[in-house]
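Shown next, in structure tokens, is the structure this report addresses.
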Amino acid sequence: MIYRKSPEELAVMRRGGRILAGALERLGEMIVPGATSNQLDAAFAEILAEAGATASFKGYNGFPAHICASPDDVIVHGFPNDDPLQEGSVISIDLGVLYQGFHTDSAWTFPVGAVGPQVSLLLEVTQAALRAGIAQATEGNRVGDIGAAIEAVVQPSGFELVQEYAGHGVGRSLHEDPWVPNFGPPGKREKLASGMTLAIEPMVNMGSPDAITWADGWTVATADGSISAHFEHTIAVTSEAPLILTTR
Ligand code: MG
Ligand code: MG
């Protein structure tokens, strides 16, 4: 069941998305060598309390933290901790904001200090894939067009898309229909219509596309230990260009 949002509901999600984007920007400024992801988690909780919002992930199926913090080979769903961030590494920060009954969801992979050229390229390719996917999220297109556009950006890079995890509808529930995979074929799956709100989120590995889950039951990491990147926005399908809800 796909829930299309009214203009009023979209306005609420836009406000929540703005809160999320501001928080993500603030957390990004805190990402320097020696900082810890637990500090980011605490800062996010504080920002949301001031904004009258709450963290979507805290307590979601028992998730223990406000943010997902996924360093280096961790793809998604990492727990924040007290390990100092290391120069040259990366950390993916995934945030969910619940504001006036609606969720928004966005993630960004940040370099910690200076990173190598391959890592920079991985971040650029994954961001470009997200942009390409979003551009296809227009009325009359199909969900498969989003994934096909993402695939078309990543495939020539030699990096690998994670296939086991995908984007999703988002709104009153953090995860709603439809499932938005990061691969094609184009022209398949659900037809996109105005008022649909989707979290589009390519996850790209430098090495093997395969993922493993740690014994904690949450942390998803690359099977071969290679670095992974994750960029995500919540967008609304409109009759014109897609509206990115999770920007300032
Ligand atoms: Mg997310
Ligand atoms: Mg998501």
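In the structure tokens, chains take the letters A, B, ... in the order shown, each chain's residues start at 1, and ligands count up from 1 in the order shown.
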Neighbourhood of ligand 1 at 12 Å, counting only C-alpha atoms and all ligand atoms, reported as an mmCIF file with C-alpha atoms, in the first residue's frame:
```cif
data_model
loop_
_atom_site.group_PDB
_atom_site.id
_atom_site.type_symbol
_atom_site.label_atom_id
_atom_site.label_comp_id
_atom_site.auth_asym_id
_atom_site.auth_seq_id
_atom_site.Cartn_x
_atom_site.Cartn_y
_atom_site.Cartn_z
ATOM 1 C CA LEU A 20 17.219 16.851 9.615
ATOM 2 C CA LEU A 24 23.343 16.596 9.431
ATOM 3 C CA ALA A 55 14.930 10.515 16.431
ATOM 4 C CA SER A 56 13.187 7.945 14.245
ATOM 5 C CA PHE A 57 15.760 5.232 14.835
ATOM 6 C CA HIS A 66 19.657 8.135 17.926
ATOM 7 C CA ILE A 67 21.858 7.907 14.823
ATOM 8 C CA CYS A 68 23.380 5.176 12.696
ATOM 9 C CA ALA A 69 27.137 5.693 12.536
ATOM 10 C CA SER A 70 28.856 3.410 10.049
ATOM 11 C CA ILE A 75 27.627 -0.141 5.115
ATOM 12 C CA VAL A 76 24.630 0.786 7.289
ATOM 13 C CA HIS A 77 23.074 0.420 10.765
ATOM 14 C CA GLY A 78 26.304 0.840 12.770
ATOM 15 C CA SER A 92 28.405 7.322 7.153
ATOM 16 C CA ILE A 93 25.849 9.131 9.273
ATOM 17 C CA ASP A 94 22.224 8.100 8.774
ATOM 18 C CA LEU A 95 19.549 10.230 10.445
ATOM 19 C CA GLY A 96 15.815 9.810 10.801
ATOM 20 C CA VAL A 97 13.643 12.621 12.125
ATOM 21 C CA HIS A 103 9.471 10.711 9.292
ATOM 22 C CA THR A 104 12.218 11.920 6.991
ATOM 23 C CA ASP A 105 15.399 9.935 6.377
ATOM 24 C CA SER A 106 18.773 11.040 5.033
ATOM 25 C CA ALA A 107 22.383 9.853 5.121
ATOM 26 C CA TRP A 108 25.771 11.201 4.151
ATOM 27 C CA THR A 109 29.256 9.695 4.121
ATOM 28 C CA TYR A 165 19.389 -3.136 1.081
ATOM 29 C CA ALA A 166 17.309 -0.543 -0.694
ATOM 30 C CA GLY A 167 15.421 2.707 -0.522
ATOM 31 C CA HIS A 168 11.791 2.841 0.521
ATOM 32 C CA GLY A 169 8.673 4.883 0.919
ATOM 33 C CA VAL A 170 8.667 7.054 4.041
ATOM 34 C CA LEU A 174 9.796 5.095 8.663
ATOM 35 C CA HIS A 175 9.571 2.322 6.083
ATOM 36 C CA LEU A 198 10.631 8.116 -1.158
ATOM 37 C CA ALA A 199 13.954 7.642 0.589
ATOM 38 C CA ILE A 200 16.453 7.011 -2.201
ATOM 39 C CA GLU A 201 19.727 5.621 -0.886
ATOM 40 C CA PRO A 202 22.499 4.041 -2.937
ATOM 41 C CA MET A 203 25.107 2.088 -0.945
ATOM 42 C CA HIS A 230 25.962 5.717 1.552
ATOM 43 C CA PHE A 231 24.077 8.845 0.489
ATOM 44 C CA GLU A 232 20.348 9.259 1.013
ATOM 45 C CA HIS A 233 17.651 11.892 0.617
ATOM 46 C CA THR A 234 13.920 11.832 1.202
ATOM 47 C CA THR A 246 15.925 16.725 3.384
#
```
Quick one: residues within 7 Å of A:Ile235, only C-alpha atoms counted, chain neighbours fewer than 3 positions away excluded, as a CSV table (one decimal) with N, CA and C atoms, in the first residue's frame?
```csv
chain,number,residue,atom,x,y,z
A,197,THR,N,6.3,9.8,-1.4
A,197,THR,CA,7.6,10.3,-0.7
A,197,THR,C,8.5,9.1,-0.6
A,198,LEU,N,9.7,9.2,-1.1
A,198,LEU,CA,10.6,8.1,-1.2
A,198,LEU,C,12.0,8.5,-0.5
A,199,ALA,N,12.6,7.5,0.2
A,199,ALA,CA,14.0,7.6,0.6
A,199,ALA,C,14.8,6.9,-0.4
A,242,PRO,N,11.4,16.5,-9.0
A,242,PRO,CA,11.3,16.0,-7.6
A,242,PRO,C,11.7,17.0,-6.6
A,243,LEU,N,11.0,17.0,-5.5
A,243,LEU,CA,11.3,18.0,-4.4
A,243,LEU,C,12.1,17.2,-3.3
A,244,ILE,N,13.3,17.7,-3.1
A,244,ILE,CA,14.2,17.1,-2.1
A,244,ILE,C,13.8,17.7,-0.7
A,245,LEU,N,13.2,16.8,0.1
A,245,LEU,CA,12.7,17.3,1.4
A,245,LEU,C,13.8,17.5,2.5
```
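Near A:Trp214, within a cut-off of 12 Å and counting only C-alpha atoms, sit the residues Asp73, Val74, Ile75, Val76, His77, Gly78, Phe79, Ala211, Ile212, Asp216, Gly217, Trp218, Thr219, Val220, Ala221, Thr222 and Ala223 of chain A, with same-chain residues fewer than 2 positions away left out.
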Expected file: the selected residues, N, CA, C and O atoms, as a compact mmCIF listing (two decimals), in the first residue's frame:
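Wrote it out as again-v8.txt, contents follow:
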```txt
# COMPACT_ATOMS: atom_id res chain seq x y z
N ASP A 73 34.25 0.12 6.57
CA ASP A 73 33.64 -1.04 5.91
C ASP A 73 32.21 -1.29 6.38
O ASP A 73 31.55 -2.21 5.86
N VAL A 74 31.72 -0.52 7.33
CA VAL A 74 30.32 -0.68 7.74
C VAL A 74 29.44 0.04 6.72
O VAL A 74 29.66 1.22 6.41
N ILE A 75 28.48 -0.68 6.18
CA ILE A 75 27.63 -0.14 5.12
C ILE A 75 26.51 0.70 5.73
O ILE A 75 26.35 1.87 5.39
N VAL A 76 25.75 0.10 6.62
CA VAL A 76 24.63 0.79 7.29
C VAL A 76 24.42 0.19 8.68
O VAL A 76 24.95 -0.87 9.01
N HIS A 77 23.62 0.90 9.49
CA HIS A 77 23.07 0.42 10.77
C HIS A 77 24.13 0.24 11.84
O HIS A 77 23.93 -0.53 12.79
N GLY A 78 25.28 0.93 11.73
CA GLY A 78 26.30 0.84 12.77
C GLY A 78 25.87 1.57 14.04
O GLY A 78 25.11 2.54 13.98
N PHE A 79 26.33 1.09 15.18
CA PHE A 79 26.07 1.74 16.47
C PHE A 79 27.13 2.81 16.70
O PHE A 79 28.32 2.54 16.52
N ALA A 211 27.36 -8.26 1.53
CA ALA A 211 27.26 -7.71 2.88
C ALA A 211 27.15 -8.83 3.91
O ALA A 211 26.61 -9.90 3.61
N ILE A 212 27.68 -8.57 5.09
CA ILE A 212 27.51 -9.48 6.21
C ILE A 212 26.90 -8.69 7.37
O ILE A 212 27.03 -7.48 7.42
N ASP A 216 25.89 -8.44 16.53
CA ASP A 216 24.95 -7.57 17.26
C ASP A 216 23.57 -7.55 16.60
O ASP A 216 22.63 -6.95 17.13
N GLY A 217 23.45 -8.18 15.43
CA GLY A 217 22.15 -8.27 14.75
C GLY A 217 21.80 -7.04 13.93
O GLY A 217 20.76 -7.05 13.25
N TRP A 218 22.61 -6.00 13.96
CA TRP A 218 22.31 -4.75 13.27
C TRP A 218 23.37 -4.37 12.24
O TRP A 218 23.05 -4.08 11.09
N THR A 219 24.61 -4.32 12.71
CA THR A 219 25.67 -3.71 11.90
C THR A 219 25.88 -4.50 10.62
O THR A 219 26.18 -5.69 10.65
N VAL A 220 25.71 -3.82 9.48
CA VAL A 220 25.88 -4.45 8.17
C VAL A 220 27.20 -3.94 7.58
O VAL A 220 27.40 -2.73 7.46
N ALA A 221 28.10 -4.85 7.24
CA ALA A 221 29.43 -4.47 6.76
C ALA A 221 29.74 -5.20 5.46
O ALA A 221 29.09 -6.18 5.11
N THR A 222 30.75 -4.70 4.75
CA THR A 222 31.16 -5.36 3.52
C THR A 222 31.80 -6.71 3.87
O THR A 222 32.55 -6.82 4.85
N ALA A 223 31.52 -7.72 3.06
CA ALA A 223 32.04 -9.07 3.33
C ALA A 223 33.55 -9.10 3.22
O ALA A 223 34.22 -9.87 3.92
```
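Shortest separation to ligand 2 among A:Ala152, A:Ile227, A:Val237, A:Val180 occurs at residue A:Val180, atoms counted being only C-alpha atoms and all ligand atoms.
Of note, atom CA of A:Gly140 and atom CA of A:Ala193 are spaced 6.3 Å apart.
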